[in-house]
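Enquirer: Structure: run_3.txt, compact mmCIF, C-alpha atoms.
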```txt
# COMPACT_ATOMS: atom_id res chain seq x y z
CA MET P 1 41.04 0.18 -106.20
CA HIS P 2 41.81 -2.97 -104.43
CA TYR P 3 44.72 -3.76 -102.13
CA GLN P 4 45.65 -7.23 -100.97
CA GLY P 5 48.04 -8.38 -98.36
CA ASP P 6 51.57 -7.94 -99.64
CA SER P 7 50.78 -6.54 -103.00
CA TRP P 8 51.39 -2.89 -102.10
CA GLY P 9 54.26 -2.61 -104.52
CA TYR P 10 52.26 -1.75 -107.62
CA TYR P 11 50.58 1.29 -106.12
CA VAL P 12 52.05 3.73 -103.67
CA PRO P 13 49.94 6.81 -102.89
CA THR P 14 52.04 9.93 -103.42
CA ARG P 15 51.20 11.13 -99.89
CA SER P 16 53.31 8.45 -98.28
CA MET P 17 56.37 9.68 -100.20
CA GLY P 18 58.56 11.66 -97.83
CA SER P 19 56.76 10.03 -94.92
CA ASP P 20 59.62 11.18 -92.73
CA PRO P 21 58.14 14.16 -90.87
CA MET P 22 61.43 16.07 -90.99
CA GLU P 23 61.50 15.68 -94.75
CA ARG P 24 58.00 17.10 -94.90
CA VAL P 25 59.02 20.06 -92.74
CA VAL P 26 61.98 20.84 -94.98
CA LYS P 27 59.86 20.44 -98.11
CA LEU P 28 57.17 22.80 -96.86
CA ALA P 29 59.82 25.24 -95.64
CA SER P 30 61.34 25.49 -99.08
CA GLU P 31 58.05 26.20 -100.84
CA SER P 32 57.63 29.80 -99.60
CA ALA P 33 59.84 32.75 -98.77
CA VAL P 34 58.77 32.90 -95.12
CA VAL P 35 57.35 29.79 -93.43
CA ILE P 36 56.10 29.62 -89.84
CA PHE P 37 55.22 26.33 -88.15
CA SER P 38 52.66 27.11 -85.50
CA LEU P 39 49.86 25.85 -83.28
CA SER P 40 46.57 27.71 -83.47
CA THR P 41 46.37 27.84 -79.66
CA CYS P 42 49.93 29.10 -79.12
CA CYS P 43 50.18 32.77 -78.19
CA MET P 44 53.91 33.04 -78.87
CA CYS P 45 53.11 31.85 -82.38
CA HIS P 46 50.57 34.65 -82.58
CA ALA P 47 53.29 37.09 -81.52
CA VAL P 48 55.72 35.93 -84.21
CA LYS P 49 53.00 36.12 -86.86
CA ARG P 50 52.20 39.70 -85.76
CA LEU P 51 55.89 40.56 -85.92
CA PHE P 52 56.16 39.59 -89.57
CA CYS P 53 52.83 41.13 -90.52
CA GLY P 54 53.90 44.34 -88.78
CA MET P 55 56.97 44.41 -91.02
CA GLY P 56 54.82 44.05 -94.12
CA VAL P 57 55.79 40.42 -94.68
CA ASN P 58 53.20 37.82 -95.64
CA PRO P 59 54.31 34.52 -94.09
CA THR P 60 52.99 31.06 -94.96
CA VAL P 61 51.70 29.55 -91.73
CA TYR P 62 51.25 25.82 -91.05
CA GLU P 63 49.05 25.15 -88.03
CA LEU P 64 50.30 21.76 -86.90
CA ASP P 65 47.27 21.09 -84.70
CA GLN P 66 45.18 21.22 -87.84
CA ASP P 67 47.43 18.90 -89.82
CA PRO P 68 46.82 15.13 -89.65
CA ARG P 69 50.57 14.58 -89.47
CA GLY P 70 51.15 17.58 -87.26
CA LYS P 71 52.07 15.60 -84.15
CA GLU P 72 55.03 13.91 -85.83
CA MET P 73 56.18 17.18 -87.31
CA GLU P 74 56.00 18.78 -83.86
CA ARG P 75 58.22 16.04 -82.49
CA ALA P 76 60.66 16.43 -85.36
CA LEU P 77 60.85 20.19 -84.76
CA MET P 78 61.44 19.66 -81.05
CA ARG P 79 64.36 17.37 -81.90
CA LEU P 80 65.67 19.85 -84.45
CA LEU P 81 65.70 22.74 -82.01
CA GLY P 82 66.60 20.68 -78.96
CA ASN P 83 63.71 22.46 -77.28
CA SER P 84 60.70 21.50 -75.22
CA GLN P 85 58.69 23.92 -77.34
CA ALA P 86 58.13 22.78 -80.89
CA VAL P 87 56.63 26.05 -82.07
CA PRO P 88 56.90 28.71 -83.30
CA VAL P 89 59.66 27.86 -85.78
CA VAL P 90 60.57 30.19 -88.64
CA PHE P 91 62.23 29.39 -91.97
CA ILE P 92 63.30 32.14 -94.38
CA GLY P 93 64.27 31.28 -97.94
CA GLY P 94 64.19 27.62 -96.94
CA LYS P 95 66.79 28.19 -94.20
CA LEU P 96 66.05 27.57 -90.54
CA ILE P 97 66.07 30.79 -88.49
CA GLY P 98 64.80 29.29 -85.26
CA ALA P 99 62.34 29.98 -82.48
CA MET P 100 61.10 33.34 -81.19
CA ASP P 101 64.31 34.32 -79.42
CA ARG P 102 66.45 33.81 -82.55
CA VAL P 103 63.98 35.71 -84.69
CA MET P 104 63.94 38.66 -82.29
CA ALA P 105 67.73 38.64 -81.82
CA SER P 106 68.29 38.73 -85.58
CA HIS P 107 65.74 41.52 -85.99
CA ILE P 108 67.41 43.63 -83.31
CA ASN P 109 70.93 43.07 -84.62
CA GLY P 110 69.81 43.99 -88.13
CA THR P 111 70.30 40.65 -89.90
CA LEU P 112 66.61 39.75 -90.33
CA VAL P 113 65.64 42.40 -92.87
CA PRO P 114 68.47 41.57 -95.33
CA LEU P 115 67.49 37.86 -95.12
CA LEU P 116 63.88 38.77 -95.89
CA LYS P 117 64.89 40.93 -98.84
CA GLU P 118 67.16 38.17 -100.16
CA ALA P 119 64.26 35.72 -99.98
CA GLY P 120 62.04 38.15 -101.80
CA ALA P 121 59.67 38.57 -98.87
CA LEU P 122 60.37 42.26 -98.44
CA TRP P 123 61.05 45.08 -100.86
CA LEU P 124 62.44 48.45 -99.90
CA MET F 125 36.08 29.81 -14.75
CA SER F 126 38.00 27.05 -12.99
CA SER F 127 41.78 27.24 -13.10
CA PRO F 128 43.77 24.88 -15.27
CA SER F 129 44.98 22.89 -12.29
CA THR F 130 41.50 22.13 -10.95
CA GLU F 131 40.47 21.13 -14.47
CA LEU F 132 43.41 18.79 -14.60
CA THR F 133 42.62 17.35 -11.16
CA LYS F 134 39.01 16.82 -12.14
CA ARG F 135 40.05 14.99 -15.27
CA MET F 136 42.56 12.87 -13.39
CA ALA F 137 39.88 11.91 -10.88
CA ILE F 138 37.52 10.79 -13.63
CA TYR F 139 40.34 8.83 -15.27
CA GLU F 140 41.13 7.07 -11.99
CA GLN F 141 37.51 6.20 -11.30
CA PHE F 142 37.16 4.75 -14.76
CA HIS F 143 40.15 2.52 -14.31
CA GLN F 144 39.13 1.44 -10.83
CA ALA F 145 35.77 0.34 -12.18
CA GLU F 146 37.54 -1.70 -14.80
CA TYR F 147 39.77 -3.28 -12.21
CA ILE F 148 36.81 -4.25 -10.07
CA SER F 149 34.99 -5.93 -12.93
CA CYS F 150 38.17 -7.90 -13.74
CA GLU F 151 38.24 -9.32 -10.28
CA GLN F 152 34.62 -10.33 -10.46
CA VAL F 153 35.18 -12.20 -13.69
CA GLU F 154 37.93 -14.33 -12.21
CA PRO F 155 36.85 -15.18 -8.65
CA SER F 156 38.97 -18.35 -8.40
CA ARG F 157 42.29 -16.51 -7.96
CA SER F 158 44.11 -16.83 -4.62
CA ASP F 159 44.61 -13.72 -2.49
CA GLN F 160 48.35 -13.70 -3.17
CA GLU F 161 47.94 -13.76 -6.91
CA ALA F 162 45.10 -11.26 -6.76
CA ASN F 163 47.40 -8.72 -5.05
CA LYS F 164 50.24 -8.87 -7.61
CA PRO F 165 48.20 -7.80 -10.66
CA THR F 166 46.66 -5.03 -8.56
CA ASP F 167 50.09 -3.55 -7.71
CA LYS F 168 51.39 -3.81 -11.24
CA ILE F 169 48.27 -2.38 -12.77
CA GLN F 170 48.16 0.45 -10.28
CA ARG F 171 51.81 1.33 -10.91
CA ARG F 172 51.26 1.30 -14.66
CA LEU F 173 48.17 3.45 -14.31
CA ALA F 174 50.05 5.94 -12.18
CA GLN F 175 52.86 6.13 -14.73
CA ASN F 176 50.38 6.64 -17.56
CA ARG F 177 48.67 9.40 -15.66
CA GLU F 178 51.97 11.12 -15.02
CA ALA F 179 53.06 10.84 -18.67
CA ALA F 180 49.71 12.14 -19.89
CA ARG F 181 49.91 15.07 -17.49
CA LYS F 182 53.41 16.00 -18.63
CA SER F 183 52.35 15.74 -22.26
CA ARG F 184 49.39 18.03 -21.68
CA LEU F 185 51.61 20.61 -20.00
CA ARG F 186 54.14 20.51 -22.86
CA LYS F 187 51.39 20.93 -25.43
CA LYS F 188 50.00 23.89 -23.52
CA ALA F 189 53.40 25.58 -23.45
CA TYR F 190 53.88 25.03 -27.20
CA VAL F 191 50.48 26.44 -28.07
CA GLN F 192 51.15 29.53 -25.96
CA GLN F 193 54.43 30.06 -27.83
CA LEU F 194 52.65 29.77 -31.18
CA GLU F 195 50.02 32.29 -30.14
CA SER F 196 52.57 34.92 -29.14
CA SER F 197 54.56 34.36 -32.35
CA ARG F 198 51.40 34.84 -34.36
CA LEU F 199 50.75 38.17 -32.67
CA LYS F 200 54.29 39.31 -33.35
CA LEU F 201 53.99 38.27 -36.99
CA ALA F 202 50.76 40.23 -37.40
CA GLN F 203 52.47 43.31 -35.96
CA LEU F 204 55.43 42.97 -38.32
CA GLU F 205 53.11 42.55 -41.30
CA GLN F 206 51.35 45.76 -40.40
CA GLU F 207 54.60 47.65 -40.18
CA LEU F 208 55.75 46.32 -43.53
CA ASP F 209 52.48 47.29 -45.17
CA ARG F 210 52.72 50.79 -43.81
CA ALA F 211 56.28 51.16 -45.02
CA ARG F 212 55.43 49.71 -48.45
CA GLN F 213 52.57 52.14 -48.88
CA GLN F 214 55.08 54.90 -48.44
CA GLY F 215 56.83 53.60 -51.51
CA ILE F 216 59.95 52.68 -49.65
CA TYR F 217 61.65 49.68 -51.13
CA ILE F 218 62.13 47.08 -48.46
CA SER F 219 64.21 44.02 -49.03
CA SER F 220 62.55 41.52 -46.79
CA ALA F 221 63.49 37.91 -46.31
CA SER F 222 60.19 37.24 -44.57
CA ASP F 223 57.82 38.67 -47.10
CA THR F 224 54.50 37.29 -45.93
CA GLY F 225 53.01 38.20 -49.28
CA TYR F 226 54.71 35.13 -50.65
CA PHE F 227 53.37 32.55 -48.24
CA GLY F 228 50.88 31.39 -50.80
CA LEU F 229 48.06 29.00 -50.11
CA SER F 230 50.26 26.26 -48.72
CA GLY F 231 51.58 28.56 -46.01
CA THR F 232 55.18 28.11 -47.10
CA VAL F 233 57.56 30.83 -48.23
CA ASN F 234 58.55 30.79 -51.91
CA SER F 235 62.29 30.54 -51.46
CA GLY F 236 62.98 31.38 -55.12
CA ILE F 237 61.24 34.70 -54.64
CA THR F 238 62.80 35.58 -51.29
CA ALA F 239 66.19 34.81 -52.84
CA PHE F 240 65.39 37.14 -55.72
CA GLU F 241 64.27 39.92 -53.38
CA MET F 242 67.57 39.77 -51.54
CA GLU F 243 69.64 39.58 -54.70
CA TYR F 244 67.74 42.41 -56.32
CA GLY F 245 68.36 44.61 -53.30
CA HIS F 246 72.09 43.97 -53.73
CA TRP F 247 71.81 44.53 -57.47
CA VAL F 248 70.36 48.00 -56.94
CA GLU F 249 73.11 48.89 -54.48
CA GLU F 250 75.78 47.72 -56.90
CA GLN F 251 74.04 49.62 -59.70
CA ASN F 252 74.20 52.85 -57.71
CA LYS F 253 77.91 52.29 -57.10
CA GLN F 254 78.54 51.74 -60.80
CA ILE F 255 76.65 54.92 -61.70
CA CYS F 256 78.86 56.96 -59.39
CA GLU F 257 81.96 55.35 -60.85
CA LEU F 258 80.83 56.11 -64.40
CA ARG F 259 80.03 59.69 -63.53
CA SER F 260 83.43 60.40 -61.98
CA ALA F 261 85.20 58.47 -64.76
CA LEU F 262 83.55 60.60 -67.46
CA GLN F 263 84.34 63.81 -65.60
CA ALA F 264 87.94 62.75 -65.00
CA HIS F 265 88.53 62.10 -68.73
CA ILE F 266 90.02 58.64 -68.29
CA THR F 267 91.29 56.64 -71.28
CA ASP F 268 88.96 54.77 -73.59
CA ILE F 269 90.43 51.45 -72.52
CA GLU F 270 89.61 52.08 -68.88
CA LEU F 271 86.20 53.36 -69.85
CA ARG F 272 85.61 50.20 -71.88
CA ILE F 273 86.06 48.15 -68.72
CA LEU F 274 83.40 50.19 -66.94
CA VAL F 275 81.03 49.85 -69.89
CA GLU F 276 81.54 46.08 -69.99
CA SER F 277 80.81 45.70 -66.27
CA GLY F 278 77.75 47.89 -66.68
CA LEU F 279 76.41 45.66 -69.46
CA ASN F 280 77.30 42.52 -67.51
CA HIS F 281 75.45 43.90 -64.52
CA TYR F 282 72.27 44.08 -66.60
CA CYS F 283 72.95 40.52 -67.81
CA SER F 284 73.07 39.30 -64.24
CA LEU F 285 69.73 41.01 -63.59
CA PHE F 286 68.16 39.10 -66.47
CA ARG F 287 69.64 35.85 -65.18
CA MET F 288 68.15 36.51 -61.72
CA LYS F 289 64.80 37.29 -63.31
CA ALA F 290 64.85 34.05 -65.31
CA ASP F 291 65.15 32.12 -62.04
CA ALA F 292 62.44 34.21 -60.40
CA ALA F 293 60.14 33.57 -63.39
CA LYS F 294 60.47 29.85 -62.77
CA ALA F 295 59.67 30.36 -59.08
CA ASP F 296 56.65 32.63 -59.62
CA VAL F 297 56.06 34.43 -62.89
CA PHE F 298 53.20 36.48 -61.42
CA TYR F 299 55.62 38.06 -59.01
CA LEU F 300 57.67 39.49 -61.87
CA ILE F 301 54.63 40.51 -63.88
CA SER F 302 53.07 42.35 -60.92
CA GLY F 303 56.11 44.61 -60.64
CA ILE F 304 55.87 44.49 -56.88
CA TRP F 305 59.63 44.13 -56.73
CA ARG F 306 60.04 47.62 -58.21
CA THR F 307 59.12 50.99 -56.75
CA SER F 308 55.78 52.62 -57.48
CA ALA F 309 56.96 55.11 -60.13
CA GLU F 310 58.85 52.36 -61.98
CA ARG F 311 55.74 50.23 -61.81
CA PHE F 312 53.82 52.91 -63.68
CA PHE F 313 55.93 52.12 -66.75
CA HIS F 314 55.96 48.37 -66.18
CA TRP F 315 55.69 46.14 -69.27
CA ILE F 316 55.78 42.33 -69.18
CA GLY F 317 57.95 42.09 -66.11
CA GLY F 318 60.24 45.11 -66.57
CA PHE F 319 61.07 48.27 -68.48
CA ARG F 320 60.13 48.76 -72.14
CA PRO F 321 63.02 48.49 -74.61
CA SER F 322 61.68 51.64 -76.29
CA GLU F 323 61.84 53.44 -72.92
CA LEU F 324 65.49 52.45 -72.69
CA LEU F 325 66.24 53.81 -76.14
CA ASN F 326 64.41 57.08 -75.56
CA VAL F 327 66.42 57.71 -72.40
CA VAL F 328 69.80 56.81 -73.87
CA MET F 329 69.51 58.36 -77.31
CA SER F 330 68.67 61.80 -75.97
CA GLN F 331 72.02 61.84 -74.14
CA ILE F 332 74.54 60.75 -76.70
CA GLU F 333 74.60 63.31 -79.50
CA PRO F 334 76.46 63.91 -81.71
CA LEU F 335 76.10 60.79 -83.85
CA THR F 336 77.60 60.05 -87.26
CA ASP F 337 75.27 59.51 -90.20
CA GLN F 338 75.90 55.78 -90.07
CA GLN F 339 75.07 55.76 -86.38
CA HIS F 340 71.89 57.75 -86.99
CA LEU F 341 70.77 55.14 -89.50
CA GLU F 342 71.55 52.26 -87.19
CA VAL F 343 69.82 53.97 -84.29
CA CYS F 344 66.69 54.49 -86.40
CA ASN F 345 66.72 50.84 -87.41
CA LEU F 346 67.16 49.76 -83.80
CA ARG F 347 64.31 52.00 -82.69
CA GLN F 348 62.06 50.55 -85.36
CA SER F 349 62.96 46.90 -84.85
CA SER F 350 62.68 47.04 -81.06
CA GLN F 351 59.32 48.80 -81.35
CA GLN F 352 58.09 46.11 -83.74
CA ALA F 353 59.28 43.34 -81.43
CA GLU F 354 57.69 45.09 -78.45
CA ASP F 355 54.38 45.40 -80.30
CA ALA F 356 54.49 41.73 -81.33
CA LEU F 357 55.03 40.57 -77.75
CA SER F 358 52.27 42.91 -76.52
CA GLN F 359 49.85 41.41 -79.01
CA GLY F 360 50.91 37.91 -78.01
CA ILE F 361 50.28 38.58 -74.37
CA ASP F 362 46.93 40.23 -75.11
CA LYS F 363 45.97 37.05 -76.93
CA LEU F 364 47.05 35.07 -73.88
CA GLN F 365 44.82 37.20 -71.67
CA GLN F 366 41.89 36.63 -74.01
CA ASN F 367 42.48 32.89 -74.13
CA LEU F 368 42.81 32.67 -70.36
CA ALA F 369 39.68 34.71 -69.67
CA HIS F 370 37.82 32.58 -72.17
CA SER F 371 39.08 29.41 -70.57
CA VAL F 372 38.20 30.48 -67.02
CA ALA F 373 34.79 31.86 -68.02
CA ALA F 374 33.83 28.84 -70.10
CA ASP F 375 30.82 27.17 -68.59
CA LEU F 376 30.95 28.83 -65.16
CA SER F 377 27.87 26.99 -63.94
CA SER F 378 28.96 23.49 -64.82
CA GLY F 379 30.63 21.10 -62.43
CA ASN F 380 33.68 20.62 -64.63
CA TYR F 381 35.80 22.76 -62.33
CA ARG F 382 38.88 20.59 -62.24
CA VAL F 383 39.11 20.09 -65.98
CA GLN F 384 38.67 23.79 -66.64
CA MET F 385 41.23 24.76 -64.00
CA ALA F 386 43.72 22.33 -65.56
CA ALA F 387 43.16 23.90 -68.97
CA ALA F 388 43.62 27.38 -67.48
CA ILE F 389 46.87 26.34 -65.77
CA ASP F 390 48.16 25.11 -69.12
CA LYS F 391 47.51 28.52 -70.63
CA LEU F 392 49.14 30.31 -67.71
CA GLU F 393 52.36 28.39 -68.24
CA ALA F 394 52.86 30.29 -71.48
CA LEU F 395 53.27 33.45 -69.40
CA GLU F 396 56.76 32.48 -68.33
CA GLY F 397 57.75 32.33 -72.01
CA PHE F 398 56.59 35.90 -72.55
CA VAL F 399 58.51 37.25 -69.58
CA ASN F 400 61.61 35.44 -70.81
CA GLN F 401 61.21 36.84 -74.33
CA ALA F 402 60.64 40.34 -72.98
CA ASP F 403 63.85 40.13 -70.93
CA HIS F 404 65.64 38.69 -73.96
CA LEU F 405 64.46 41.70 -75.98
CA ARG F 406 65.69 44.10 -73.28
CA GLN F 407 69.08 42.43 -73.30
CA GLN F 408 69.39 42.37 -77.10
CA THR F 409 68.41 46.04 -77.33
CA LEU F 410 71.02 47.01 -74.73
CA GLN F 411 73.73 45.04 -76.49
CA GLN F 412 72.91 46.37 -79.94
CA MET F 413 72.93 49.89 -78.56
CA ALA F 414 76.40 49.25 -77.14
CA ARG F 415 77.54 47.94 -80.54
CA ILE F 416 76.36 51.04 -82.41
CA LEU F 417 77.95 53.52 -80.01
CA THR F 418 81.55 54.41 -79.30
CA THR F 419 82.92 53.53 -75.87
CA ARG F 420 82.46 57.05 -74.59
CA GLN F 421 78.93 57.29 -75.96
CA ALA F 422 78.06 53.90 -74.46
CA ALA F 423 79.39 55.07 -71.08
CA ARG F 424 77.23 58.21 -71.25
CA GLY F 425 74.28 56.09 -72.31
CA LEU F 426 74.66 53.66 -69.40
CA LEU F 427 75.08 56.56 -67.00
CA ALA F 428 71.90 58.16 -68.33
CA LEU F 429 69.97 54.89 -68.03
CA GLY F 430 71.16 54.21 -64.50
CA GLU F 431 70.46 57.78 -63.42
CA TYR F 432 66.99 57.62 -64.97
CA PHE F 433 65.94 54.54 -63.01
CA HIS F 434 67.57 55.89 -59.87
CA ARG F 435 65.45 59.02 -60.20
CA LEU F 436 62.29 57.01 -60.74
CA ARG F 437 63.02 55.16 -57.50
CA ALA F 438 63.70 58.41 -55.68
CA LEU F 439 60.50 59.85 -57.13
CA SER F 440 58.56 56.98 -55.57
CA SER F 441 59.90 57.82 -52.13
CA LEU F 442 59.33 61.55 -52.55
CA TRP F 443 55.80 60.95 -53.71
CA ALA F 444 55.04 58.76 -50.73
CA ALA F 445 56.53 61.26 -48.29
CA ARG F 446 54.89 64.39 -49.70
CA PRO F 447 52.64 66.38 -47.33
CA ARG F 448 49.06 65.36 -47.91
CA GLU F 449 45.78 67.18 -47.20
CA PRO F 450 43.82 65.51 -44.41
CA ALA F 451 40.89 63.53 -45.85
```
Translate this file's structure into structure tokens.
Expert:
Amino acid sequence: MHYQGDSWGYYVPTRSMGSDPMERVVKLASESAVVIFSLSTCCMCHAVKRLFCGMGVNPTVYELDQDPRGKEMERALMRLLGNSQAVPVVFIGGKLIGAMDRVMASHINGTLVPLLKEAGALWL
Amino acid sequence: MSSPSTELTKRMAIYEQFHQAEYISCEQVEPSRSDQEANKPTDKIQRRLAQNREAARKSRLRKKAYVQQLESSRLKLAQLEQELDRARQQGIYISSASDTGYFGLSGTVNSGITAFEMEYGHWVEEQNKQICELRSALQAHITDIELRILVESGLNHYCSLFRMKADAAKADVFYLISGIWRTSAERFFHWIGGFRPSELLNVVMSQIEPLTDQQHLEVCNLRQSSQQAEDALSQGIDKLQQNLAHSVAADLSSGNYRVQMAAAIDKLEALEGFVNQADHLRQQTLQQMARILTTRQAARGLLALGEYFHRLRALSSLWAARPREPA
């Protein structure tokens, strides 16, 4: 394959579609019932993963430090949450739940389990 | 040993001799000056020298006085520290604005922590007041509306504790984690900077029967979810310990000290997040408990909780004061 100067138009690699990092986040979030964006070195991320595993849920985890476009996605998540911490961020059934405090608050007030059941991540 | 004044006199004499020698050599260098002109510089120089000597002497005396003051303050401080230590060992809670434990390496007091110590002392006093009010209110059979007000202020009082702790965590997270701000018996149950949410539930739920079936269900769910959240945070903080130990122990013999310390500091910063989440969990558990219960049950629950911690504090003092066998 052979690219020249301005003649990109005839071939666009599928990977550059949805090159907006936020789009990529949303796309990945909608592909599984429970999605966690994480960093492999982050201990709070470890805690949120253990929380879901302890409930019998099997979340899909994206380690952003192991993703070539992870940095941009981190920045997008920081903007989304308005937070200095990009991770952990949890999506359930494609919907944004939030960071650790939101996840814990919704578990304690009893709204997390129904959401998980609705998304098909948990059965009674 | 010669007295200070003879030392001073000796030094002044040497100083004078030195300057006289200088003066003589000046004259020798410029022999063509007339007598008249030769006298004027002599007078001026001598006056200036005398003034310098006087100023230097006064300065030395002032410095001496200052140093003596510092020395006596240091002795006093050491005595006070000893007294505090003795009192602390007896498990007595002391609210101290001059807690020398928080001088740190730079020798300055951590004002965020001393502020917290003072505020926490007041918080405990206010807590004891509220407990008494709740107890008499429940015995006096006041109306639910009035009781609601007491319950709300009780819950708000815990909220203000968590706010204080959030500020203290920013000032020094290790202070909160160490539990040194609590009494010894409380410290036995210490978990990530405070009480366990499950501890709270165990204390309250034993005091508020009878519950409806719906309430029983909700209580079970709350017990389970708070336990799961507690376990998750515990595992997170264990991981943090592992990571930190690994980071500090990595390559102990190499000269990369600064880089490794910087990496370790990065890891330590995550600790504040855990203390905040633990307090958040405590608060959420309290509030959910209040939601599940009726006003009267919530009042009994808060009374039980307050009384429980009050007894733990009293236990600490009793333990410290108990008669001990001589070693």
Enquirer: Set out as JSON lines a contact list for chain F and chain P with a cut-off of 6 Å, giving each residue of chain F that qualifies its closest atom pair and distance in Å to one decimal, counting all atoms listed in the file, ordered by chain and rising residue number.
Expert:
```
{"residue": "F:Ser349", "atom": "CA", "partner": "P:Ile108", "partner_atom": "CA", "distance": 5.7}
{"residue": "F:Ala356", "atom": "CA", "partner": "P:Ala47", "partner_atom": "CA", "distance": 4.8}
{"residue": "F:Leu357", "atom": "CA", "partner": "P:Ala47", "partner_atom": "CA", "distance": 5.4}
{"residue": "F:Gly360", "atom": "CA", "partner": "P:Ala47", "partner_atom": "CA", "distance": 4.3}
{"residue": "F:Leu364", "atom": "CA", "partner": "P:Cys43", "partner_atom": "CA", "distance": 5.8}
```
Enquirer: Residues of the last selection are to be written out with C-alpha atoms, as a compact mmCIF listing (two decimals), in the coordinates of the input.
Expert:
```txt
# COMPACT_ATOMS: atom_id res chain seq x y z
CA SER F 349 62.96 46.90 -84.85
CA ALA F 356 54.49 41.73 -81.33
CA LEU F 357 55.03 40.57 -77.75
CA GLY F 360 50.91 37.91 -78.01
CA LEU F 364 47.05 35.07 -73.88
```
Enquirer: With only C-alpha atoms as the atoms that count, which of F:Thr166, F:Ile361, F:Arg448, F:Gly379 lies nearest to Glu396 (chain F)?
Expert: F:Ile361
Enquirer: Could you check the closest approach to Ala33 (chain P) for each of P:Pro68, P:Gly56, P:Pro114, P:Gly93 and tell me which residue wins, using only C-alpha atoms?
Expert: P:Gly93
Enquirer: With a distance cut-off of 10 Å and all atoms listed in the file, select the neighbouring residues of region 365-367 of chain F, excluding the residue or stretch itself and same-chain residues fewer than 2 positions from it, and output the selection as a ChimeraX atom specification.
Expert: /P:41-43 /F:359-363,369-373,388,391-392,395
Enquirer: To one decimal in Å, tell me the separation between CA of Asn234 (chain F) and CA of Ser284 (chain F).
Expert: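 CA of Ser284 (chain F) lies 20.9 Å from CA of Asn234 (chain F).
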Enquirer: Using all atoms listed in the file, which of the listed residues (P:Ala99, P:Met73, P:Val34, P:Val25) sits closest to Gln85 (chain P)?
Expert: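 Checking each candidate against Gln85 (chain P), we get P:Ala99 as the closest.
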Enquirer: How far is it from CA of Asn176 (chain F) to CA of Leu194 (chain F), in Å with one decimal?
Expert: 26.9 Å
Enquirer: Suppose you want the space between CA of Leu324 (chain F) and CA of Glu393 (chain F); what is it in Å?
Expert: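 Calculated distance between CA of Leu324 (chain F) and CA of Glu393 (chain F) is 27.8 Å.
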Enquirer: Gly94 (chain P): which residues within 9 Å, counting only C-alpha atoms, same-chain residues fewer than 2 positions away excluded, as a PDB file with C-alpha atoms, keeping the file's coordinate frame?
Expert:
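Result file is around21.pdb:
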```
ATOM      1  CA  VAL P  26      61.980  20.840 -94.980  1.00  0.00           C
ATOM      2  CA  LYS P  27      59.860  20.440 -98.110  1.00  0.00           C
ATOM      3  CA  LEU P  28      57.170  22.800 -96.860  1.00  0.00           C
ATOM      4  CA  ALA P  29      59.820  25.240 -95.640  1.00  0.00           C
ATOM      5  CA  SER P  30      61.340  25.490 -99.080  1.00  0.00           C
ATOM      6  CA  GLU P  31      58.050  26.200-100.840  1.00  0.00           C
ATOM      7  CA  SER P  32      57.630  29.800 -99.600  1.00  0.00           C
ATOM      8  CA  ALA P  33      59.840  32.750 -98.770  1.00  0.00           C
ATOM      9  CA  VAL P  34      58.770  32.900 -95.120  1.00  0.00           C
ATOM     10  CA  VAL P  35      57.350  29.790 -93.430  1.00  0.00           C
ATOM     11  CA  PHE P  91      62.230  29.390 -91.970  1.00  0.00           C
ATOM     12  CA  ILE P  92      63.300  32.140 -94.380  1.00  0.00           C
ATOM     13  CA  LEU P  96      66.050  27.570 -90.540  1.00  0.00           C
ATOM     14  CA  ALA P 119      64.260  35.720 -99.980  1.00  0.00           C
TER      15      ALA P 119
END
```
Enquirer: Pick the closest to Ala414 (chain F) from F:Ala292, F:Ala402, F:Cys344, F:Val328: which is it, counting only C-alpha atoms?
Expert: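 Under the stated criterion, the closest residue is F:Val328.
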Enquirer: Could you produce a table of the residues of region 402-444 of chain F lying within 12 Å of region 250-274 of chain F, with the nearest pair of atoms per residue and their separation in Å rounded to one decimal, using all atoms listed in the file, ordered by chain and increasing residue number, as JSON lines?
Expert:
```
{"residue": "F:Ala414", "atom": "CA", "partner": "F:Arg272", "partner_atom": "CA", "distance": 10.6}
{"residue": "F:Leu417", "atom": "CA", "partner": "F:Arg272", "partner_atom": "CA", "distance": 11.7}
{"residue": "F:Thr418", "atom": "CA", "partner": "F:Asp268", "partner_atom": "CA", "distance": 9.4}
{"residue": "F:Thr419", "atom": "CA", "partner": "F:Arg272", "partner_atom": "CA", "distance": 5.9}
{"residue": "F:Arg420", "atom": "CA", "partner": "F:Asp268", "partner_atom": "CA", "distance": 7.0}
{"residue": "F:Gln421", "atom": "CA", "partner": "F:Leu262", "partner_atom": "CA", "distance": 10.2}
{"residue": "F:Ala422", "atom": "CA", "partner": "F:Arg272", "partner_atom": "CA", "distance": 8.8}
{"residue": "F:Ala423", "atom": "CA", "partner": "F:Leu258", "partner_atom": "CA", "distance": 6.9}
{"residue": "F:Arg424", "atom": "CA", "partner": "F:Leu262", "partner_atom": "CA", "distance": 7.7}
{"residue": "F:Gly425", "atom": "CA", "partner": "F:Leu258", "partner_atom": "CA", "distance": 10.3}
{"residue": "F:Leu426", "atom": "CA", "partner": "F:Ile255", "partner_atom": "CA", "distance": 8.1}
{"residue": "F:Leu427", "atom": "CA", "partner": "F:Ile255", "partner_atom": "CA", "distance": 5.8}
{"residue": "F:Ala428", "atom": "CA", "partner": "F:Ile255", "partner_atom": "CA", "distance": 8.8}
{"residue": "F:Leu429", "atom": "CA", "partner": "F:Ile255", "partner_atom": "CA", "distance": 9.2}
{"residue": "F:Gly430", "atom": "CA", "partner": "F:Ile255", "partner_atom": "CA", "distance": 6.2}
{"residue": "F:Glu431", "atom": "CA", "partner": "F:Ile255", "partner_atom": "CA", "distance": 7.0}
{"residue": "F:Tyr432", "atom": "CA", "partner": "F:Ile255", "partner_atom": "CA", "distance": 10.5}
{"residue": "F:Phe433", "atom": "CA", "partner": "F:Asn252", "partner_atom": "CA", "distance": 10.0}
{"residue": "F:His434", "atom": "CA", "partner": "F:Asn252", "partner_atom": "CA", "distance": 7.6}
{"residue": "F:Arg435", "atom": "CA", "partner": "F:Asn252", "partner_atom": "CA", "distance": 11.0}
{"residue": "F:Arg437", "atom": "CA", "partner": "F:Asn252", "partner_atom": "CA", "distance": 11.4}
```
